[in-house]
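Some notes on the structure that comes next.
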Amino acid sequence: MNPPDSKPLEIHDLTVAYHRKPVLYGIDLEIGEGTLTGIIGPNGAGKSTLIKTIMGMVPSNGGWIRIFGKPAKKSFARVGYVPQRESVDWDFPVSVLDVVLMGRYGHVGWLKRVGKKDRSIACECLEKVNMLPFADRQIGKLSGGQQQRVFLARALAQESDLYLMDEPLAGVDAVTEKTIIELLRDLRNQGKTLLVVHHDLSTAKEYFDQLILLNMRLVAVGEVEKTFTRDLLQKTYGGRLTIFTEVAGQSAGVKEYDKETHPS
Amino acid sequence: MKGHPHSKWSLPRPPLEWRVGISWIILFLCALPLQGEQISSQGDSILERSHRFLTLSDESVRMVLLGTILMGLSCGVMGGLVVTRRLSLFGDTLSHAVLPGVAVGFLWSQSKDSWAILVGATVAGFLGVALISLLRKTSRIRQDSALGLVLSGFYALGICMLTRIQKMEFGNQSGIDKYLFGQVVGLSSSDLWTMAFSCLLILTLTILLYKELLVAGFDSEYARSIGLPVDFLQYLLWLLLAFAVITSLQVVGVVLVSALLVIPAATASLITDKMRAILIWSAMLGCMAGATGAFLSFLGNQLPTGPIIVLVSAVFFLWALFFHPQNGLLFKWLAARNRNQRIALENTLKAVYQELESINFQEETTSVSQLAKRRRIGMPQAHRETDALVARQYATVHPVEDKLAAPPRPTLISLTPKGWGTACRIVRNHRLWELYLTNEARYAPDHVHDDAEKIEHVLGEETVRRIERILSNPKKDPHGKLIPSQQDIDRGFIA
Amino acid sequence: MSANRQTKETFIPDFDPIDTFVTPWSTHAEIAWNGQIVTMGILVCLACGLVGSFIVVRKLALMGDAISHGILPGLALAFIIMKSWALFPMFFGACVAGLLCSFCIEWLQKKSILKPDAALGVTFTTFFAFGVLLIAMYGGNAHIDAECLLYGEIGLIPLAESLSLGGVDLGARPIVSMFVVTVLVIISVTVFYRQLMVTSFDFTLAKTLGLPVTLIHYGLMLLLALTIVSSFEAVGVILVISMLIFPSVTANFFFRRMPAILFCSLPLSFVYSIGGFFLARWLDCTIAGAMVLVASLCFALGWAFGPNGGLAWQLLDRLNDKPGNKNARSEGCAVEGQ
């Protein structure tokens, strides 16, 4: 389907600033197919921003993002996004099944109704996260872990190739956490690519194949064994380079005026 | 952006008094079309009218002016307090919610000038705001829906009562309609006394309780923790807001009073970001809008004062939005354009430097065609860029002396000392930053160039010094190129 | 007809069931006249209720308010230029003004340092003031009554000129245009239900699915503007906001899912319109205002007793949680006991 060299996700020199304060700076990243990658870093390191920028929710100030070899916008159909729990409007008048069905909307054309097949897929996905008994419940009336599982089910229903998840394990109970991780591994074994923002260092090593260490700039990316080292973690969670932070802020407003030849 | 090199290229900025004067003249000109056809029927000219207004010879003119200024003052101050708390639309809701109170007060006293209306309106406004809080506390209805519910529900009740009153016997004399759109001409001296009293109350309490209101508005949790009666302050704020709204009703009416709460305060928050200054500006703008509106509506032969006051404050708002020196969109746009121009110039200078470097500075000049080749642009564009350099005295051009060359003869560029200094600085910034990224931030050398392309234009002198210290005064960049030093800059290539 | 009746001394007239319920439907002429009023009321409530449900879940309730004020200058200009109630210029002018207003608000929210609510307040009040000024200056030529714009006069709807198409008399102009808009709203809401839902609930997902989110947003704004324009003659620019919000929030106390809430607009619009008609008949006041009073009453009932977060159930839950407090009878006691 893809040419072999088109990676699920490629990011080059990505810079994001908010009110002239840099959040992400000069990120270069490549994620290989069929991997389960965790993004870790201290608070305010730009983990969620990275995901949101990939999804086009936050404008970038420079650099480019490719998904499966195409500009991000053109490949959104192959991306499943699981938002942070706080960003969802839980009073919205939809039931659990409605939410999961939304994941199928990409497969149903305009002006067409949601078919039986989509309904059964949605139910299967709910079954996988053990949420089928709650299908008719309004989403606000679920516990935190259940809400997280609903959104996971929706991502499953999307049948995407690349999943971006913003803290799916935040504020869930131990049983749910285990279910979710099992599910993520299943997906990876099916050849899907997963990028997961994670807040808990103690479990990061156990859960993921690859890690991205982020603190405004990319500190390291790669196999867990190579990246989960004292030295690199120190660099990630230790302070920032002061000049770097200042100057990155100043440059945030400068758009690339023109590209020139490399001086060397 | 103080002390930044580009600031000398921005437009001259007229002093504040000029700007105020200019906007008054523009406003006056705006008044001319307002005459419409009506002025011709009336005998007197604009000049006569403005003379009558400005000399305050008319009793009614004095009343109207005083009324609008008092209204502008109290609405401005209350608006400042409300808008900074992100409660702009509470003012809107409150102004609609007072309507049933007005009707009840009128029913009670059977006259339109009475304290009963004031009391009724205050109670109704207060009930409306309390109902919003209650809705928020006891149901899942969101703030915006709750505001809309209370606003339209109370308003409907008020409208029903008013239409009913009009059909009753004593209702016809009421002219109670004036509460919908306001009727500044009908101001009586007792109305003015009420306005003056409430304005005084608002000013006094705002000044006395300034710091309490500030802390309660900014961080109510903290205010509670230091023992401030946050709820009491909140209710006090509503009460004062209700006073401001009700006393303004007769001038601008229910619908437009929220405009006077929001617009001057929003303008003030564009102009400054300090609470005290916002309150002062907002009060001043409110007064100015009131007075100017009264003047314009008088000129325009009894046009409705309320809408004109609102439109005048909207003009102030637009003026601040576009022409404010720091936040004005026009100046922001100009600054961005200036910066882009500067970056373009600096890129050209850098290309010239690199061209000279490629021949080891054996010659002082390079040609436009070489420049075009290095910048990967066409000849016309290269000529434009060269002309820009010459215009800023960064470079001089002279035709090539070789008589044999076929026309059009190539043009040679040589940098002036000023151009040389800037070029060196840019190249130095670029290469220092590349080195910093490679050595300190651990970037791969082949990834640093794009970044340095942007950074080179924004690095300040002080940051450069710090980077040099951190890197212990390096001589070469990661690609082995020499970094131009301060001596190179001082020496000047031509000298 | 209300105008013929004797004015009474008391503020709240005696309730006369015959006069309130029977007289309006006693003759053919009365039935035709009052039937048009009630039909118009139902159409207004239905269209507003359907569009409003989406407006409310998108947290744009105040945008509805803003647009309803913002259409005024467009209407006024259309009147001034055409010097009559011409249907298409009126719709065109008002829709352009309404969309311009919403665009200005969003632009200000994005480009300036103003807070969103302040940006909204500044824009719509300015638009409204401009409209009022235009009407005050030139309204004499165009027969617009500024007060009528504020609370509408649904009772005068049957007086409007008739529209005819190919010689067939279609009925009073406001009712015909309202009918067309209502049909348009129903069709758009059913056909684009999924798109509207997903863009309202999860903007990112909508983008992921490749939906044109901006187009859908402005499509909804256009639908909103159309609904407001066709309703304002009946209920005025301020009361139309209650027609937008009340059905949806009331239904929210009874139902948890969007289709049910949308469907609720239908019975509610009958209740509002008929109830408002009789209430206005009894109290001898404006029908539009009375419709909103009925809507408020329904809302209050829902708030008190609705199975979804109604106060009564909250109280019951609280009492059950505290066995020692079971004797508490009134709400006040329970609140204090908390």
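Residues are referred to by chain and number: the chain letter is A, B, ... according to the order shown in the structure tokens, the number counts from 1 in that chain, and ligands are numbered separately from 1 in the order shown.
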### Task
Go through region 70-126 of chain A and collect every residue that DSSP, computed from the backbone, puts in alpha helix (DSSP H); the answer should be as an MDAnalysis selection string.
chainID A and resid 72:75 96:102 116:126
Counting only C-alpha atoms, which residues of chain A fall within 6 Å of chain C, and what is the closest atom pair for each with its distance in Å at one decimal, ordered by chain and rising number, as a Markdown table?
| residue | atom | partner | partner_atom | distance |
| --- | --- | --- | --- | --- |
| A:Phe76 | CA | C:Thr208 | CA | 4.6 |
| A:Ala77 | CA | C:Leu209 | CA | 5.4 |
| A:Pro93 | CA | C:Arg257 | CA | 4.6 |
| A:Val94 | CA | C:Arg257 | CA | 4.9 |
| A:Gly106 | CA | C:Leu209 | CA | 4.9 |
| A:Leu111 | CA | C:Val191 | CA | 5.8 |
## Note on the structure
What separates CA of Met288 (chain B) and CA of Gln183 (chain B) is a distance of 19.1 Å
### Task
Please determine the contact residues of chain C with respect to chain B at a cut-off of 6 Å, counting only C-alpha atoms, and supply them as a PyMOL selection string.
chain C and resi 7+61-62+118+122+125+129+133+239+242+285-286+289
### Message
For a quick check of understanding, using only C-alpha atoms, which of B:Pro380, B:Ala344, B:Glu385, B:Arg425 has the smallest distance to chain A?
### Response
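For chain A, the nearest of the given residues is B:Ala344.
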Report as a Markdown table the residues of chain B within 7 Å of chain A, each with its shortest atom pair and distance in Å (one decimal), using only C-alpha atoms, ordered by chain and increasing residue number.
| residue | atom | partner | partner_atom | distance |
| --- | --- | --- | --- | --- |
| B:Arg375 | CA | A:Glu260 | CA | 6.1 |
| B:Lys454 | CA | A:Glu256 | CA | 6.4 |
| B:Ile455 | CA | A:Ser251 | CA | 5.8 |
| B:Val458 | CA | A:Ser251 | CA | 6.3 |
| B:Leu459 | CA | A:Val247 | CA | 6.9 |
| B:His479 | CA | A:Ser264 | CA | 6.3 |
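Residues lying within 7 Å of Gly152 (chain C), counting only C-alpha atoms and ignoring same-chain neighbours fewer than 2 positions away, are Cys148, Leu149, Leu150, Ile154, Phe232, Glu233, Ala234, Val235, Gly236 and Ala288 of chain C.
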If you keep C-alpha atoms, can you produce a file of those selected residues as a PDB file, in the first residue's frame?
ATOM      1  CA  CYS C 148     -41.451  46.239  16.961  1.00  0.00           C
ATOM      2  CA  LEU C 149     -37.972  44.999  16.096  1.00  0.00           C
ATOM      3  CA  LEU C 150     -37.266  44.530  19.769  1.00  0.00           C
ATOM      4  CA  ILE C 154     -46.727  38.117  15.852  1.00  0.00           C
ATOM      5  CA  PHE C 232     -37.660  38.454  13.772  1.00  0.00           C
ATOM      6  CA  GLU C 233     -40.888  39.935  12.448  1.00  0.00           C
ATOM      7  CA  ALA C 234     -42.790  37.609  14.720  1.00  0.00           C
ATOM      8  CA  VAL C 235     -40.725  37.631  17.879  1.00  0.00           C
ATOM      9  CA  GLY C 236     -38.214  40.447  17.503  1.00  0.00           C
ATOM     10  CA  ALA C 288     -44.261  36.803  21.503  1.00  0.00           C
TER      11      ALA C 288
END
### Message
Taking 2 positions as the minimum chain separation for residues in the same chain, which residues sit within 10 Å of Leu237 (chain B) when counting only C-alpha atoms? Answer as a ChimeraX atom specification.
### Response
/B:78,81-82,202,205-206,213,231-235,239-243
Those same residues - N, CA and C atoms - I'd like them written as a short mmCIF file (atom, residue, chain, number, x, y, z; two decimals), in the first residue's frame.
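Below you can see part04.cif, which holds the result:
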data_model
loop_
_atom_site.label_atom_id
_atom_site.label_comp_id
_atom_site.auth_asym_id
_atom_site.auth_seq_id
_atom_site.Cartn_x
_atom_site.Cartn_y
_atom_site.Cartn_z
N MET B 78 -17.58 50.85 35.86
CA MET B 78 -18.13 49.52 36.11
C MET B 78 -17.74 48.56 34.99
N LEU B 81 -14.35 47.20 35.56
CA LEU B 81 -14.32 46.14 36.57
C LEU B 81 -14.88 44.83 36.02
N VAL B 82 -15.91 44.96 35.19
CA VAL B 82 -16.61 43.76 34.73
C VAL B 82 -15.85 43.06 33.60
N ILE B 202 -20.50 54.90 43.01
CA ILE B 202 -19.65 53.96 42.28
C ILE B 202 -18.19 54.38 42.40
N LEU B 205 -16.85 53.94 46.11
CA LEU B 205 -16.63 52.55 46.51
C LEU B 205 -15.50 51.92 45.70
N THR B 206 -15.41 52.26 44.41
CA THR B 206 -14.34 51.68 43.60
C THR B 206 -12.98 52.13 44.11
N LEU B 213 -11.28 44.71 45.48
CA LEU B 213 -11.93 44.28 44.24
C LEU B 213 -10.91 43.66 43.30
N ASP B 231 -17.79 36.85 48.58
CA ASP B 231 -19.18 36.86 48.13
C ASP B 231 -19.79 38.24 48.27
N PHE B 232 -19.48 38.87 49.41
CA PHE B 232 -20.02 40.21 49.63
C PHE B 232 -19.52 41.16 48.53
N LEU B 233 -18.23 41.07 48.23
CA LEU B 233 -17.67 41.94 47.18
C LEU B 233 -18.35 41.68 45.85
N GLN B 234 -18.59 40.40 45.58
CA GLN B 234 -19.25 40.02 44.34
C GLN B 234 -20.64 40.68 44.26
N TYR B 235 -21.40 40.57 45.36
CA TYR B 235 -22.74 41.15 45.35
C TYR B 235 -22.68 42.67 45.27
N LEU B 239 -24.42 45.03 42.58
CA LEU B 239 -25.28 46.13 42.98
C LEU B 239 -24.86 47.41 42.26
N LEU B 240 -23.55 47.66 42.28
CA LEU B 240 -23.05 48.88 41.62
C LEU B 240 -23.33 48.80 40.12
N LEU B 241 -23.14 47.62 39.56
CA LEU B 241 -23.40 47.44 38.13
C LEU B 241 -24.87 47.74 37.84
N ALA B 242 -25.74 47.24 38.72
CA ALA B 242 -27.17 47.50 38.52
C ALA B 242 -27.43 49.00 38.58
N PHE B 243 -26.80 49.72 39.52
CA PHE B 243 -26.99 51.17 39.59
C PHE B 243 -26.57 51.83 38.28
#
I'd like the contact shell of region 158-171 of chain A - 6 Å cut-off, only C-alpha atoms, skipping same-chain residues fewer than 4 positions apart - returned as a compact mmCIF listing (two decimals) with C-alpha atoms, in the first residue's frame.
# COMPACT_ATOMS: atom_id res chain seq x y z
CA ARG A 78 -5.32 7.29 8.37
CA VAL A 79 -4.78 8.79 11.79
CA GLY A 80 -6.72 8.03 14.94
CA TYR A 81 -6.50 10.60 17.72
CA VAL A 82 -7.42 10.05 21.35
CA PRO A 83 -7.79 13.41 23.07
CA GLN A 84 -6.90 14.24 26.64
CA GLY A 103 -15.17 6.89 14.55
CA ARG A 104 -16.93 5.21 11.64
CA LYS A 192 -0.32 -0.32 13.53
CA THR A 193 1.88 2.49 14.70
CA LEU A 194 1.14 4.05 18.07
CA LEU A 195 2.44 7.26 19.60
CA VAL A 196 1.41 7.66 23.21
CA VAL A 197 2.00 10.57 25.56
CA HIS A 198 2.86 9.12 28.92
### Task
Fewer than 6 positions away in the same chain doesn't count, so skip those; otherwise give me all residues within 8 Å of Val368 (chain B), counting only C-alpha atoms, as a VMD selection string.
chain B and resid 379 382 to 383 386 410 to 413
